[in-house]
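Colleague: Have a look at this one before I ask anything.
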2 protein chains.
Amino acid sequence: MAVRDRRTPVARGGRGGRPTLEQVAARAGVGRGTVSRVINGSDQVSEQARAAVERAVAELGYVPNRAARALAAGSADAVALVIPEPETRLFSEPYFSDIVRGVSAELAETDKQLLLTLIRSPRERERLAAYLSADRVDGVLLVSVHEGDPLPEMLAAMGLPAVLNGRRAASEAVPYVDSDNTGGAQAAVEHLIGRERGAIATITGPSDMYVASCRLAGYRQALKAAGREEDPGLVAVGDFTEEGGRRAMEELLERRPALDAVFAASDVMAAGALQVLRAAGRAVPDEVAVVGFEDSPVARHTDPALTSVRQPTEEMGRAMVRVLLEGIDASDGAEGRHVVLPTELVVRASG
Amino acid sequence: MAVRDRRTPVARGGRGGRPTLEQVAARAGVGRGTVSRVINGSDQVSEQARAAVERAVAELGYVPNRAARALAAGSADAVALVIPEPETRLFSEPYFSDIVRGVSAELAETDKQLLLTLIRSPRERERLAAYLSADRVDGVLLVSVHEGDPLPEMLAAMGLPAVLNGRRAASEAVPYVDSDNTGGAQAAVEHLIGRERGAIATITGPSDMYVASCRLAGYRQALKAAGREEDPGLVAVGDFTEEGGRRAMEELLERRPALDAVFAASDVMAAGALQVLRAAGRAVPDEVAVVGFEDSPVARHTDPALTSVRQPTEEMGRAMVRVLLEGIDASDGAEGRHVVLPTELVVRASG
DNA sequence: ATCACTTCTGGGAGCGCTCCCACTCTACTC
DNA sequence: GAGTAGAGTGGGAGCGCTCCCAGAAGTGAT
C-alpha cells in the first residue's frame with residue numbers, strides 16, 4: 001500500500017484509472033481466476049459467481065487491457081492486413097476499400113483488431129516479417145503479392161498463419177482466397193459470342209501476372225467451347241493501366257481492323273480502349289462491343305457504360321478472414337485451404 | 001531453471017522463442033536497464049555499452065515485444081483510424097485510400113501502428129470509446145464525423161487525443177485537418193467567370209453538412225467579388241450522389257433554362273449533371289460548362305473529362321497524423337490545433 | 001585527501017492479465 | 001461410512017518490458 005504513486009495515472013497518459021480485473025474481483029467478492037474465467041467464457045463457473053462478476057463488470061465499466069492479455073496469453077488478438085502501397089493506387093480504387101470493408105466486417109465478429117500495414121519500399125518489406133512476428137498479430141492477410149515475393153514463405157517459416165488474396169500461380173501452397181477469374185472471363189466472352197460477335201479481341205495483362213493469364217484462359221475456353229479457332233492477332237497485352245489499354249487497342253485495330261468486340265482484362269484498360277475506338281470513329285456497341293473486368297465505378301461512368309465482370313470483393317475480404325481464423329485455430333499447418341468465389345457478368349450499354 | 005516449460009513456445013502460438021531483452025542483456029554483458037536505454041535511444045549510455053548492446057541485438061535478431069512494452073509503459077504505440085462504414089462507399093473511393101495512404105506514410109516514420117476501425121452500427125459506435133481507451137491506442141483519427149456525433153467529445157473527456165478530418169462546424173473545438181473548401185469553390189467559380197459564363201448555377205450538398213456550406217460559400221464569394229448579384233434560382237441541393245446530381249440538374253434546367261455553367265460540390269454529382277445535360281441536348285462545354293469538386297478518378301473518365309477542384313487528400317492524412325502526434329506529446333489539452341490545406345483547380349475539357 | 005558533483009549502471013518492482021496447481025465442497029458409489 | 005469423482009474456486013507465478021532508485025565510477029575543486 002505504501003509506494004503506490006510511483007507513476008500517477010495522469011503521468012501515464014491520462015485516461016484516469018481504468019478498473020482492472022483485480023478490482024472487478026474484489027467488487028464481485030471472488031478471486032481473479034474466476035473473473036478471468038467469466039470474461040473468457042469458460043463454463044467452469046457457477047451461475048452465482050458469473051452473475052456477481054457480470055454485475056461488477058457492468059458497474060465498473062471494466063474493459064480488459066489488451067496489452068496485458070496479449071502479454072500473458074502470448075496471443076495478440078489482432079491480425080494484420082498487408083498491402084503493397086503502389087497497389088492502393090493501381091487497383092481501380094474500390095477494390096482496396098471493399099476488401100478492407102469485408103475484412104473489417106468479418107473481424108468485428110471476433111474481437112480481433114485490424115492492423116493495416118502499407119509497404120512502400122523493399123526495405124520495409126524485408127523488415128515486415130520480423131515485426132509482424134514481434135507478437136502483436138496472430139495472423140496476416142496479404143493483398144496482391146507478386147510472384148517471387150518471399151514474404152508468404154517467410155511467414156510460414158515463422159509459423160505465422162497467412163492468407164493471400166489471389167493466387168500467385170496455378171498451384172499455390174499458401175492458403176488463399178481468389179475470385180473465379182477464368183470463369184468470369186469465359187462468361188464475358190460467351191456473352192459476346194451470344195451477341196453474334198464474330199471477331200472478338202482481348203486486351204490481357206502482363207503474362208507474369210497469374211490473374212492476367214487466368215482471364216486470358218477464360219477467353220480461350222469460351223472460344224473453344226463455341227468451336228471457334230483462336231486468332232493470335234486478336235490478343236494484345238496491356239498493363240492494367242488506361243494508357244496500356246489505349247496502346248493495346250491501337251495495336252488491335254491496326255492488326256485486325258475488322259474486329260467487332262473486345263474483352264479487356266480490366267475496366268481501366270477497357271476505358272482506354274473506349275477512347276481509342278471513339279477516336280477511330282467506331283461506334284460502341286454498334287460496331288464494336290466492349291466488355292471489361294472488375295466492375296469498378298469507372299465502368300459506370302464511361303460512355304457508353306461498360307459491361308463488366310463483377311468480383312465479390314467485399315466477400316473476398318470476409319472469406320480471407322474466415323480462412324485465416326481457421327488457420328490460426330488449427331495448430332497444424334492448415335495448408336491448402338482456399339476459397340474461390342464466383343463472379344457475375346453485369347451487362348451495360350457497351351456490349 | 002527448473003519449471004521453465006510451463007508453456008512451451010510452440011504451445012503458446014508458434015513463432016519459436018523470440019529473444020527477450022533479458023537475453024540481449026546477458027549476451028551483451030550488461031543489465032536490462034542498459035539494453036532498454038539503448039533500445040529507446042536514451043543518451044545516458046556509454047558508447048561502449050551501446051555498441052555491445054547493438055551487436056547483441058543484431059546477432060540475436062531481437063525485436064521488442066510490443067505488448068510487453070505497452071503494458072509496462074502504459075502507452076500503446078498505436079493510433080486508431082476510425083471510419084464510419086457507410087462513408088467508405090459514399091465517398092468517391094480514392095478519398096478513403098488516399099487518406100489511409102497518407103496516414104500510413106506519416107506513421108511509418110514513428111514506429112506506431114495503424115489500427116483500422118470501421119463503424120457499421122450505432123451500437124458499435126457507442127462501444128468504441130470504451131474499447132479505444134482500453135489502452136491499445138494513444139490517439140484516434142476520425143474520418144467524416146457528422147455534426148452531433150458525440151464521439152469526439154467522449155474521447156476528449158477520456159483524455160484520448162483525437163483529430164478530425166473536416167470540421168463539423170465553423171468553430172471546431174477538437175483539433176482537425178481540413179482542405180480549403182471555400183477557397184477551392186471560389187477558385188472554381190472564378191474560373192467560370194473568367195471564361196465569360198453569365199449564368200453560373202451550383203449544385204450543393206445537404207445544408208447540414210459543413211463541407212457543403214463551405215463550398216456554397218465559396219460560390220457566393222466568387223460571385224460577389226465579381227460584383228454579380230446572386231440568383232437563388234441557380235442554387236439546387238444535391239446529396240453527393242450521382243442520382244442527386246441528376247435531380248438537381250433537372251431542377252436547375254427547369255428553373256433557369258438559360259444557365260451556361262454549373263459548379264457541382266462533388267464530381268459524382270457533376271457526373272450526374274453531365275448525363276442530364278447530354279440528355280437535354282446541351283453541349284458541354286460549349287453551351288454549358290461544368291466543374292466538379294474532389295478530382296476523383298470519375299472526373300477523368302466522364303465525357304468530356306471534368307474540370308475539378310483537387311484536394312490534397314493524402315497530405316491531409318499525413319497532416320492528421322502530425323497534429324495527432326503533437327496532441328499526444330503535449331500533455332496539455334492541445335486544443336485548437338488545426339491545419340487547413342489549399343486546393344488546386346484542375347482544368348479539363350468540361351469547363 | 002576530502003567533498004561534491006556528474007555520468008553510468010544493475011536490478012527490483014510492477015504493469016494487468018492468463019495459466020495452472022492445489023484446495024474445498026458437494027455429490028455419488030460400493 | 002469411507003472412498004472417489006468431479007465441479008468450482010483462490011491465488012502464485014510469470015509473460016517481457018519500463019521506470020526508477022540506489023550505488024559505482026569518474027572528474028574536478030577545495
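If you're wondering about the labels, chains in the C-alpha cells are A, B, ... by order shown, residues count from 1 in each chain, ligands from 1 in order shown.
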Could you please tell me, as a list of chain:residue names, which residues of chain A have an atom within 9 Å of chain C when using only C-alpha atoms (C1' of nucleotides)?

Modeller: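 Per the criterion, chain A yields A:Thr20, A:Leu21, A:Glu22, A:Gly33, A:Ser36, A:Pro64, A:Asn65, A:Arg66, A:Ala67, A:Ala68, A:Arg69, A:Ala70, A:Leu71, A:Ala72, A:Ala73.
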
Colleague: Those same residues - N, CA and C atoms - I'd like them written as a PDB file, in the first residue's frame.

Modeller:
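Full text of again.pdb as output:
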```
ATOM      1  N   THR A  20      -9.226  -2.560 -13.097  1.00  0.00           N
ATOM      2  CA  THR A  20      -8.509  -3.766 -13.503  1.00  0.00           C
ATOM      3  C   THR A  20      -9.319  -4.985 -13.113  1.00  0.00           C
ATOM      4  N   LEU A  21      -8.861  -6.066 -13.634  1.00  0.00           N
ATOM      5  CA  LEU A  21      -9.513  -7.325 -13.322  1.00  0.00           C
ATOM      6  C   LEU A  21      -9.532  -7.573 -11.819  1.00  0.00           C
ATOM      7  N   GLU A  22      -8.487  -7.180 -11.190  1.00  0.00           N
ATOM      8  CA  GLU A  22      -8.389  -7.379  -9.747  1.00  0.00           C
ATOM      9  C   GLU A  22      -9.478  -6.606  -8.994  1.00  0.00           C
ATOM     10  N   GLY A  33      -8.991 -15.447 -10.685  1.00  0.00           N
ATOM     11  CA  GLY A  33      -9.200 -16.553 -11.619  1.00  0.00           C
ATOM     12  C   GLY A  33     -10.634 -16.634 -12.097  1.00  0.00           C
ATOM     13  N   SER A  36     -11.471 -13.928 -14.578  1.00  0.00           N
ATOM     14  CA  SER A  36     -10.862 -14.256 -15.861  1.00  0.00           C
ATOM     15  C   SER A  36     -11.696 -15.307 -16.582  1.00  0.00           C
ATOM     16  N   PRO A  64     -11.190  -5.291 -20.523  1.00  0.00           N
ATOM     17  CA  PRO A  64      -9.861  -5.883 -20.320  1.00  0.00           C
ATOM     18  C   PRO A  64      -8.777  -5.133 -21.086  1.00  0.00           C
ATOM     19  N   ASN A  65      -7.637  -5.060 -20.519  1.00  0.00           N
ATOM     20  CA  ASN A  65      -6.495  -4.413 -21.134  1.00  0.00           C
ATOM     21  C   ASN A  65      -5.848  -5.380 -22.121  1.00  0.00           C
ATOM     22  N   ARG A  66      -5.882  -4.988 -23.365  1.00  0.00           N
ATOM     23  CA  ARG A  66      -5.424  -5.906 -24.404  1.00  0.00           C
ATOM     24  C   ARG A  66      -3.940  -6.199 -24.312  1.00  0.00           C
ATOM     25  N   ALA A  67      -3.182  -5.192 -23.943  1.00  0.00           N
ATOM     26  CA  ALA A  67      -1.742  -5.402 -23.881  1.00  0.00           C
ATOM     27  C   ALA A  67      -1.415  -6.462 -22.837  1.00  0.00           C
ATOM     28  N   ALA A  68      -2.059  -6.338 -21.709  1.00  0.00           N
ATOM     29  CA  ALA A  68      -1.805  -7.291 -20.634  1.00  0.00           C
ATOM     30  C   ALA A  68      -2.226  -8.689 -21.070  1.00  0.00           C
ATOM     31  N   ARG A  69      -3.360  -8.730 -21.711  1.00  0.00           N
ATOM     32  CA  ARG A  69      -3.862 -10.015 -22.155  1.00  0.00           C
ATOM     33  C   ARG A  69      -2.908 -10.637 -23.175  1.00  0.00           C
ATOM     34  N   ALA A  70      -2.483  -9.814 -24.094  1.00  0.00           N
ATOM     35  CA  ALA A  70      -1.586 -10.320 -25.130  1.00  0.00           C
ATOM     36  C   ALA A  70      -0.299 -10.830 -24.507  1.00  0.00           C
ATOM     37  N   LEU A  71       0.203 -10.079 -23.555  1.00  0.00           N
ATOM     38  CA  LEU A  71       1.462 -10.463 -22.927  1.00  0.00           C
ATOM     39  C   LEU A  71       1.317 -11.782 -22.178  1.00  0.00           C
ATOM     40  N   ALA A  72       0.278 -11.857 -21.405  1.00  0.00           N
ATOM     41  CA  ALA A  72       0.109 -13.044 -20.584  1.00  0.00           C
ATOM     42  C   ALA A  72      -0.236 -14.270 -21.418  1.00  0.00           C
ATOM     43  N   ALA A  73      -1.078 -14.066 -22.400  1.00  0.00           N
ATOM     44  CA  ALA A  73      -1.561 -15.220 -23.151  1.00  0.00           C
ATOM     45  C   ALA A  73      -0.658 -15.576 -24.320  1.00  0.00           C
TER      46      ALA A  73
END
```

Colleague: Hey, what does DSSP flag as helix (DSSP H, G or I) within stretch 199-298 of chain A? Can you give it to me as a ChimeraX atom specification?

Modeller: /A:210-225,232-234,242-255,267-279,297-298

Colleague: Which parts of stretch 57-92 of chain A does DSSP call strand (DSSP E) when run on the backbone here, written out as an NGL selection string?

Modeller: :A and (78-84)

Colleague: Any idea which chain D residues end up within 7 Å of chain A if we count only C-alpha atoms (C1' of nucleotides), as a list of chain:residue names please?

Modeller: D:DG8, D:DG10, D:DC15

Colleague: Can you build me a table of chain A residues sitting at most 7 Å from chain B, with the closest atom pair per residue and its distance in Å to one decimal, using only C-alpha atoms, sorted by chain and residue number, as JSON lines?

Modeller:
```
{"residue": "A:Arg12", "atom": "CA", "partner": "B:Gly74", "partner_atom": "CA", "distance": 5.9}
{"residue": "A:Gly13", "atom": "CA", "partner": "B:Ser75", "partner_atom": "CA", "distance": 7.0}
{"residue": "A:Gly14", "atom": "CA", "partner": "B:Gly159", "partner_atom": "CA", "distance": 5.4}
{"residue": "A:Arg15", "atom": "CA", "partner": "B:Met158", "partner_atom": "CA", "distance": 5.1}
{"residue": "A:Val63", "atom": "CA", "partner": "B:Ala134", "partner_atom": "CA", "distance": 6.1}
{"residue": "A:Pro64", "atom": "CA", "partner": "B:Ala134", "partner_atom": "CA", "distance": 6.7}
{"residue": "A:Asn65", "atom": "CA", "partner": "B:Ala134", "partner_atom": "CA", "distance": 5.4}
{"residue": "A:Arg66", "atom": "CA", "partner": "B:Arg136", "partner_atom": "CA", "distance": 6.5}
{"residue": "A:Ala67", "atom": "CA", "partner": "B:Ala67", "partner_atom": "CA", "distance": 4.8}
{"residue": "A:Ala68", "atom": "CA", "partner": "B:Leu71", "partner_atom": "CA", "distance": 5.7}
{"residue": "A:Ala70", "atom": "CA", "partner": "B:Ala67", "partner_atom": "CA", "distance": 6.0}
{"residue": "A:Leu71", "atom": "CA", "partner": "B:Ala67", "partner_atom": "CA", "distance": 5.4}
{"residue": "A:Gly74", "atom": "CA", "partner": "B:Arg12", "partner_atom": "CA", "distance": 5.9}
{"residue": "A:Ser75", "atom": "CA", "partner": "B:Gly13", "partner_atom": "CA", "distance": 6.8}
{"residue": "A:Thr88", "atom": "CA", "partner": "B:Ser97", "partner_atom": "CA", "distance": 6.8}
{"residue": "A:Glu93", "atom": "CA", "partner": "B:Pro94", "partner_atom": "CA", "distance": 5.7}
{"residue": "A:Pro94", "atom": "CA", "partner": "B:Glu93", "partner_atom": "CA", "distance": 5.7}
{"residue": "A:Ser97", "atom": "CA", "partner": "B:Thr88", "partner_atom": "CA", "distance": 6.8}
{"residue": "A:Ser104", "atom": "CA", "partner": "B:Leu118", "partner_atom": "CA", "distance": 6.6}
{"residue": "A:Leu114", "atom": "CA", "partner": "B:Leu116", "partner_atom": "CA", "distance": 5.6}
{"residue": "A:Leu115", "atom": "CA", "partner": "B:Leu115", "partner_atom": "CA", "distance": 4.6}
{"residue": "A:Leu116", "atom": "CA", "partner": "B:Leu114", "partner_atom": "CA", "distance": 5.6}
{"residue": "A:Leu118", "atom": "CA", "partner": "B:Ser104", "partner_atom": "CA", "distance": 6.6}
{"residue": "A:Tyr131", "atom": "CA", "partner": "B:Val63", "partner_atom": "CA", "distance": 7.0}
{"residue": "A:Ser133", "atom": "CA", "partner": "B:Arg15", "partner_atom": "CA", "distance": 6.9}
{"residue": "A:Ala134", "atom": "CA", "partner": "B:Asn65", "partner_atom": "CA", "distance": 5.4}
{"residue": "A:Asp135", "atom": "CA", "partner": "B:Asn65", "partner_atom": "CA", "distance": 6.3}
{"residue": "A:Arg136", "atom": "CA", "partner": "B:Arg66", "partner_atom": "CA", "distance": 6.5}
{"residue": "A:Met158", "atom": "CA", "partner": "B:Arg15", "partner_atom": "CA", "distance": 5.0}
{"residue": "A:Gly159", "atom": "CA", "partner": "B:Arg15", "partner_atom": "CA", "distance": 5.3}
{"residue": "A:Leu160", "atom": "CA", "partner": "B:Arg15", "partner_atom": "CA", "distance": 6.7}
{"residue": "A:Val298", "atom": "CA", "partner": "B:Val298", "partner_atom": "CA", "distance": 6.3}
{"residue": "A:His301", "atom": "CA", "partner": "B:Thr302", "partner_atom": "CA", "distance": 5.8}
{"residue": "A:Thr302", "atom": "CA", "partner": "B:His301", "partner_atom": "CA", "distance": 5.9}
{"residue": "A:Asp303", "atom": "CA", "partner": "B:Asp303", "partner_atom": "CA", "distance": 6.8}
```
